[in-house]
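What follows is one structure encoded as structure tokens, with my remarks underneath.
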Amino acid sequence: MAGQPEERYEDSQLYRIRHSAAHIMAQAVLEFYPEAKYTIGPPVENGFYYDFDLPGTISNEDLEKIEKRMRQIIAAGHPFTRQALTAAQARELFADQPYKLELIDGLEQGGLDEYGNPLAEKPEISIYKHDTFTDLCRGPHVENTRQINPAALKLMSIAGAYWRGDEHNKMLTRIYGTAWKTPDELKEHLRMLEEAKARDHRKLGKELEIYIYDDEVGPGLPLWLPNGGIITEELERLAKEMEDKAGYLRVRTPHLTKEDLFIRSGHLPYYAESMYPPMELEGVKYYVKPMNCPMHHKIYAAKARSYRDLPIRLAEYGTCYRYEKSGELFGLMRVRSMQMNDAHIYCSEEQFEQEFMGVIDLYKKYFDLFAIDKYVMRFSLHAREGLGKKYVDNERLWQETEDMVRRAMTNGNVPFIEARDEAAFYGPKIDVQIWSAIGREFSLATNQVDFAVPERFDLKYMSKEGVEKVPLCIHRAPLSTHERMVGFLLEHYAGNFPVWLSPEHVRLIPITDNQNEYAEGIVRQLREQDIRASSDLSPQRMNAKIRAAQLMKVPYMLVVGENEAKAGQVSLRVRDGSRADNIPLAEFIERVKERIRTRAPQL
RNA sequence: GCCGACGUAGCUCAAUCGGCGGAGCAACCGCCUUGUAAGUGGUAGGUUACGGGUUCGAUUCCCGUCGUCGGCUCCA
């Protein structure tokens with residue numbers, strides 16, 4: 001164990017199994033659809049896929065058929081053999097496979113891999129063969145199809161995918177499969193998928209009455225229900241406390257703005273597609289804002305600034321609207337109206353590192369508080385090819401600011417990975433990447449450097465030397481948007497929010513309706529102490545009331561019967577099932593208040 | 001936006017081959033007065049997402065629109 005380097009997935013037997021399963025699937029598909037053109041089929045996390053250009057559509061019933069055929073091929077025990085070819089030989093072999101020919105061109109001329117990404121060195125062209133199927137492939141594979149356990153294999157779903165991941169290319173049919181070494185591992189994987197469904201924020205959001213969508217309001221425009229309203233207010237309170245301590249100033253800006261603002265900011269050419277179309281009044285175009293930055297820039301510009309004033313940190317939970325493409329909407333994680341935990345920090349170059357790391361520290365405080373540990377800090381860089389299109393055209397400043405960020409992160413000892421071609425149009429950024437319950441990746445928090453827009457807004461400060469300088473701007477959103485944060489937290493806690501975030505802290509459960517009044521009296525006392533409490537006066541048995549409270553994941557249930565009413569006490573049932581019978585109310589109140597005040601993780 | 005699937009009561013789901021749309025939970029009205037995850041009887045609830053078409057007859061078959069889901073692309 002110790003000292004043994006962990007085996008890379010690419011070198012593992014499981015990788016070979018999945019890669020080979022993909023080939024076997026391709027063989028089966030081609031047997032059923034001889035006119036199909038085949039493209040690529042790599043292993044992925046938990047499985048594999050293969051993309052086909054099929055003459056028609058394919059159904060879930062077809063998957064069963066294909067799966068059955070795959071098992072036959074496996075059972076026949078065909079060896080996998082590798083053969084190296086020249087480009088000319090490969091072209092001849094795949095003469096009627098246009099996608100393969102394109103791959104061969106890439107391999108030969110550009111040194112591109114199957115996704116169209118540049119390769120470090122020009123690879124040898126090789127093919128792998130088993131039974132009747134031959135694929136252009138660099139391998140590796142299992143030695144014999146029998147090394148795949150046919151009972152540990154399952155085809156999962158059919159999806160569309162663009163050839164080489166480019167939306168301008170043809171949409172292919174992708175078949176996803178999963179493969180494991182043993183049937184037990186497959187079973188376990190399927191069980192995990194089921195479990196993930198149970199903590200899907202869309203399911204929990206409905207069950208816990210956090211938010212809804214309504215067809216007449218529109219897609220991607222969530223309505224926060226009272227429970228969701230409480231959670232977002234708690235998050236805002238948290239942000240305000242933390243930002244007050246860190247020297248932020250709070251501002252408020254309108255949802256609408258004239259077109260001129262986004263022309264100046266430079267957002268329109270980059271961003272127009274994701275903006276709601278403008279409304280025109282008396283010859284003037286107005287947009288709903290897709291971000292808050294330009295308005296904050298205007299606040300910065302509202303008066304003359306001195307180096308003594310910097311850094312200036314302007315914060316706002318700003319509501320923005322982005323016209324995300326319909327197919328991209330996803331529960332609360334990807335929406336069209338969002339409330340951002342936004343702030344812009346205007347600082348000098350000398351102050352940059354401290355300010356940037358101050359934001360990273362803020363992230364860490366939040367992540368500690370929420371006990372978030374499964375995330376990756378991604379350093380999102382520009383790509384030279386995108387200059388002038390996706391990115392502001394100034395390679396020198398890109399290099400400089402990227403170096404600044406890299407230096408700050410390294411000096412601060414913060415682990416991160418670098419990702420090319422993921423920057424904002426105005427500068428590099430650190431994105432905090434998280435994964436939803438069903439495995440989709442999202443940026444939760446973001447911390448961005450902007451070296452371009454302050455100049456466009458003619459932002460400046462008077463330096464010590466008496467010359468005007470342009471400040472740097474840091475855009476940051478450590479708590480993401482309310483929408484994505486609540487979606488994430490729902491899954492993170494599986495709906496079991498810590499006390500301070502729970503929409504309802506305490507539910508009173510009178511055993512008979514003789515205790516209704518006693519329960520109501522306690523509710524009043526709790527509310528007086530800023531504890532969110534209600535009583536269940538429905539004509540049901542106590543057991544049913546407890547069940548209802550448990551299903552809503554209320555952290556504390558106070559059961560009151562004749563005994564408690566007589567003694568002026570309460571019996572506590574905690575969400576985790578633990579109990580403390582006949583305790584003084586004052587003692588309970590202290591416990592709850594302490595949990596709320598400290599935002600404690602425990603109940 | 002693209003490929004595919006799906007859309008039945010507030011929620012979770014039934015409805016044979018095209019032949020009078022059902023159940024549980026929730027809601028409402030009662031009865032029971034109950035000790036830590038569903039006591040019980042009744043009532044109400046539907047233009048089967050919407051709009052066309054085929055048919056004697058459509059929840060069911062076909063077309064379109066909208067929405068949702070699985071992916072792709074994109075992203076806080």
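Residue names in the structure tokens use chain letters A, B, ... in the order shown, residue numbers from 1 in each chain, and ligand numbers from 1 in the order shown.
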With the cut-off set at 12 Å and counting only C-alpha atoms (C1' of nucleotides), tabulate each residue of chain B with an atom at most that distance from an atom of chain A, showing the nearest atom pair and its distance in Å to one decimal, ordered by chain and increasing number, as a Markdown table.
| residue | atom | partner | partner_atom | distance |
| --- | --- | --- | --- | --- |
| B:G1 | C1' | A:Lys325 | CA | 6.1 |
| B:C2 | C1' | A:Met171 | CA | 6.9 |
| B:C3 | C1' | A:Gly160 | CA | 4.1 |
| B:G4 | C1' | A:Ala159 | CA | 6.1 |
| B:A5 | C1' | A:Ser59 | CA | 8.8 |
| B:G10 | C1' | A:Lys206 | CA | 11.5 |
| B:C11 | C1' | A:Glu207 | CA | 8.7 |
| B:U12 | C1' | A:Glu207 | CA | 11.3 |
| B:C25 | C1' | A:Ala548 | CA | 11.7 |
| B:A26 | C1' | A:Ala548 | CA | 11.2 |
| B:G30 | C1' | A:Pro539 | CA | 10.9 |
| B:C31 | C1' | A:Pro539 | CA | 10.7 |
| B:C32 | C1' | A:Arg541 | CA | 9.6 |
| B:U33 | C1' | A:Thr512 | CA | 5.5 |
| B:U34 | C1' | A:Arg541 | CA | 5.9 |
| B:G35 | C1' | A:Ile511 | CA | 7.2 |
| B:U36 | C1' | A:Asn543 | CA | 6.6 |
| B:A37 | C1' | A:Arg547 | CA | 4.1 |
| B:A38 | C1' | A:Ala544 | CA | 5.3 |
| B:G39 | C1' | A:Arg541 | CA | 6.9 |
| B:U40 | C1' | A:Gln540 | CA | 10.4 |
| B:A49 | C1' | A:Asp215 | CA | 9.6 |
| B:C50 | C1' | A:Asp215 | CA | 11.6 |
| B:C66 | C1' | A:Asp215 | CA | 8.6 |
| B:G67 | C1' | A:Asp215 | CA | 7.0 |
| B:U68 | C1' | A:Pro219 | CA | 9.9 |
| B:C69 | C1' | A:Phe330 | CA | 9.7 |
| B:G70 | C1' | A:Ala159 | CA | 6.8 |
| B:G71 | C1' | A:Ala159 | CA | 4.6 |
| B:C72 | C1' | A:Ala161 | CA | 4.1 |
| B:U73 | C1' | A:Glu167 | CA | 5.5 |
| B:C74 | C1' | A:Glu328 | CA | 7.2 |
| B:C75 | C1' | A:Arg334 | CA | 7.7 |
| B:A76 | C1' | A:Ser480 | CA | 5.7 |
I'd like the contact shell of range 18-24 of chain B - 9 Å cut-off, only C-alpha atoms (C1' of nucleotides), skipping same-chain residues fewer than 2 positions apart - returned as a ChimeraX atom specification.
/B:8,12-15,46,48,55,57-61
Please identify which residues in range 392-562 of chain A DSSP calls strand (DSSP E) from the backbone, and express them as a PyMOL selection string.
chain A and resi 417-419+429-435+441-450+461-462+468-469+472-477+506-510+533-535+556-560
Residues near Gly439 in chain A, anyone? I mean within 12 Å using only C-alpha atoms (C1' of nucleotides), not counting same-chain ones fewer than 4 positions away, as a ChimeraX atom specification.
/A:45-46,192-193,196-197,199-200,433-435,488,491
Find the spatial neighbours of U43 in chain B, counting only C-alpha atoms (C1' of nucleotides), within a cut-off of 10 Å - ignore same-chain residues fewer than 2 positions away - and output them as a PyMOL selection string.
chain B and resi 28-29+45
Every residue of range 147-302 of chain A that DSSP places in alpha helix (DSSP H), as an mmCIF file with C-alpha atoms, in the first residue's frame:
data_model
loop_
_atom_site.group_PDB
_atom_site.id
_atom_site.type_symbol
_atom_site.label_atom_id
_atom_site.label_comp_id
_atom_site.auth_asym_id
_atom_site.auth_seq_id
_atom_site.Cartn_x
_atom_site.Cartn_y
_atom_site.Cartn_z
ATOM 1 C CA PRO A 183 -21.551 -9.055 -11.291
ATOM 2 C CA ASP A 184 -21.416 -7.829 -7.690
ATOM 3 C CA GLU A 185 -19.555 -4.705 -8.768
ATOM 4 C CA LEU A 186 -22.184 -4.085 -11.413
ATOM 5 C CA LYS A 187 -24.928 -4.560 -8.858
ATOM 6 C CA GLU A 188 -23.217 -2.149 -6.506
ATOM 7 C CA HIS A 189 -22.869 0.417 -9.276
ATOM 8 C CA LEU A 190 -26.553 0.162 -10.140
ATOM 9 C CA ARG A 191 -27.426 0.490 -6.461
ATOM 10 C CA MET A 192 -25.341 3.680 -6.252
ATOM 11 C CA LEU A 193 -27.202 5.086 -9.230
ATOM 12 C CA GLU A 194 -30.502 4.398 -7.475
ATOM 13 C CA GLU A 195 -29.212 6.062 -4.343
ATOM 14 C CA ALA A 196 -28.099 9.087 -6.317
ATOM 15 C CA LYS A 197 -31.635 9.424 -7.654
ATOM 16 C CA ALA A 198 -32.933 9.593 -4.090
ATOM 17 C CA HIS A 201 -32.181 17.955 -5.762
ATOM 18 C CA ARG A 202 -35.106 17.960 -8.161
ATOM 19 C CA LYS A 203 -36.770 15.150 -6.241
ATOM 20 C CA LEU A 204 -35.886 16.582 -2.828
ATOM 21 C CA GLY A 205 -36.845 20.071 -3.932
ATOM 22 C CA LYS A 206 -40.330 18.821 -4.656
ATOM 23 C CA GLU A 207 -40.681 16.643 -1.567
ATOM 24 C CA PRO A 226 -41.633 29.455 1.635
ATOM 25 C CA ASN A 227 -39.120 26.763 2.603
ATOM 26 C CA GLY A 228 -36.800 27.795 -0.203
ATOM 27 C CA GLY A 229 -37.302 31.415 0.789
ATOM 28 C CA ILE A 230 -36.024 30.665 4.290
ATOM 29 C CA ILE A 231 -32.936 28.872 3.026
ATOM 30 C CA THR A 232 -31.996 31.643 0.610
ATOM 31 C CA GLU A 233 -32.496 34.238 3.340
ATOM 32 C CA GLU A 234 -30.215 32.298 5.675
ATOM 33 C CA LEU A 235 -27.572 32.128 2.950
ATOM 34 C CA GLU A 236 -27.852 35.853 2.398
ATOM 35 C CA ARG A 237 -27.503 36.499 6.098
ATOM 36 C CA LEU A 238 -24.376 34.343 6.135
ATOM 37 C CA ALA A 239 -22.912 36.160 3.142
ATOM 38 C CA LYS A 240 -23.634 39.544 4.641
ATOM 39 C CA GLU A 241 -21.972 38.634 7.948
ATOM 40 C CA MET A 242 -18.874 37.255 6.263
ATOM 41 C CA GLU A 243 -18.607 40.099 3.775
ATOM 42 C CA ASP A 244 -19.144 42.758 6.418
ATOM 43 C CA LYS A 245 -16.231 41.290 8.333
ATOM 44 C CA GLU A 259 -28.221 48.778 -24.159
ATOM 45 C CA ASP A 260 -25.431 51.354 -23.968
ATOM 46 C CA LEU A 261 -24.128 49.821 -20.772
ATOM 47 C CA PHE A 262 -23.537 46.430 -22.357
ATOM 48 C CA ILE A 263 -22.062 47.971 -25.471
ATOM 49 C CA ARG A 264 -19.536 49.727 -23.292
ATOM 50 C CA SER A 265 -18.829 46.669 -21.162
ATOM 51 C CA HIS A 267 -20.615 41.967 -23.170
ATOM 52 C CA LEU A 268 -22.968 42.292 -26.132
ATOM 53 C CA PRO A 269 -20.760 40.749 -28.819
ATOM 54 C CA TYR A 270 -19.728 37.895 -26.502
ATOM 55 C CA TYR A 271 -22.939 37.443 -24.671
ATOM 56 C CA CYS A 293 -20.571 43.858 -13.079
ATOM 57 C CA PRO A 294 -21.249 46.836 -15.367
ATOM 58 C CA MET A 295 -23.527 48.411 -12.774
ATOM 59 C CA HIS A 296 -20.923 47.990 -10.070
ATOM 60 C CA HIS A 297 -18.373 49.551 -12.391
ATOM 61 C CA LYS A 298 -20.667 52.551 -12.682
ATOM 62 C CA ILE A 299 -20.813 52.826 -8.906
ATOM 63 C CA TYR A 300 -17.043 52.720 -8.779
#
For Asp450 in chain A: contacts at 9 Å, only C-alpha atoms (C1' of nucleotides), fewer than 6 positions along chain excluded, given as a list in words
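Once the adjacent positions are removed, what remains is Thr401, Ala424, Phe425, Tyr426, Gly427, Pro428, Lys429, Leu472, Cys473, Ile474 and His475 of chain A.
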Create the file for the chosen residues now, containing C-alpha atoms and written as a PDB file, in the first residue's frame.
ATOM      1  CA  THR A 401      -2.703  37.866 -15.188  1.00  0.00           C
ATOM      2  CA  ALA A 424     -14.015  34.375 -18.885  1.00  0.00           C
ATOM      3  CA  PHE A 425     -13.737  36.680 -21.897  1.00  0.00           C
ATOM      4  CA  TYR A 426     -12.045  39.330 -19.759  1.00  0.00           C
ATOM      5  CA  GLY A 427      -9.606  37.232 -17.772  1.00  0.00           C
ATOM      6  CA  PRO A 428      -8.571  33.985 -16.094  1.00  0.00           C
ATOM      7  CA  LYS A 429     -10.439  32.572 -13.136  1.00  0.00           C
ATOM      8  CA  LEU A 472      -7.860  45.488 -11.602  1.00  0.00           C
ATOM      9  CA  CYS A 473     -11.247  44.005 -10.933  1.00  0.00           C
ATOM     10  CA  ILE A 474     -11.887  40.695  -9.192  1.00  0.00           C
ATOM     11  CA  HIS A 475     -15.313  39.188  -9.855  1.00  0.00           C
TER      12      HIS A 475
END
Measure the distance from CA of Glu455 in chain A to CA of Gly388 in chain A in Å and round it to one decimal.
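Rounded to one decimal, the two atoms are 16.7 Å apart.
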Excluding same-chain residues fewer than 5 positions from Trp224 in chain A, what lies within 8 Å of it counting only C-alpha atoms (C1' of nucleotides), as an mmCIF file with N, CA and C atoms, in the first residue's frame?
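After the write, out26.cif holds the following:
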data_model
loop_
_atom_site.group_PDB
_atom_site.id
_atom_site.type_symbol
_atom_site.label_atom_id
_atom_site.label_comp_id
_atom_site.auth_asym_id
_atom_site.auth_seq_id
_atom_site.Cartn_x
_atom_site.Cartn_y
_atom_site.Cartn_z
ATOM 1 N N ILE A 210 -39.286 23.098 -1.692
ATOM 2 C CA ILE A 210 -38.283 24.160 -1.770
ATOM 3 C C ILE A 210 -38.599 25.106 -2.933
ATOM 4 N N TYR A 211 -38.921 24.543 -4.093
ATOM 5 C CA TYR A 211 -39.186 25.385 -5.264
ATOM 6 C C TYR A 211 -40.088 24.622 -6.229
ATOM 7 N N ILE A 212 -40.697 25.369 -7.113
ATOM 8 C CA ILE A 212 -41.471 24.739 -8.188
ATOM 9 C C ILE A 212 -41.182 25.464 -9.501
ATOM 10 N N GLY A 229 -37.507 30.018 0.410
ATOM 11 C CA GLY A 229 -37.302 31.415 0.789
ATOM 12 C C GLY A 229 -36.479 31.515 2.065
#
Would you pick out the contacts of Arg313 in chain A at 6 Å or less, using only C-alpha atoms (C1' of nucleotides), so that residues sharing its chain but fewer than 6 positions from it are not included, and give the list as a list in words?
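The residues that qualify are Tyr248, Leu249, His344 and Ile345 of chain A.
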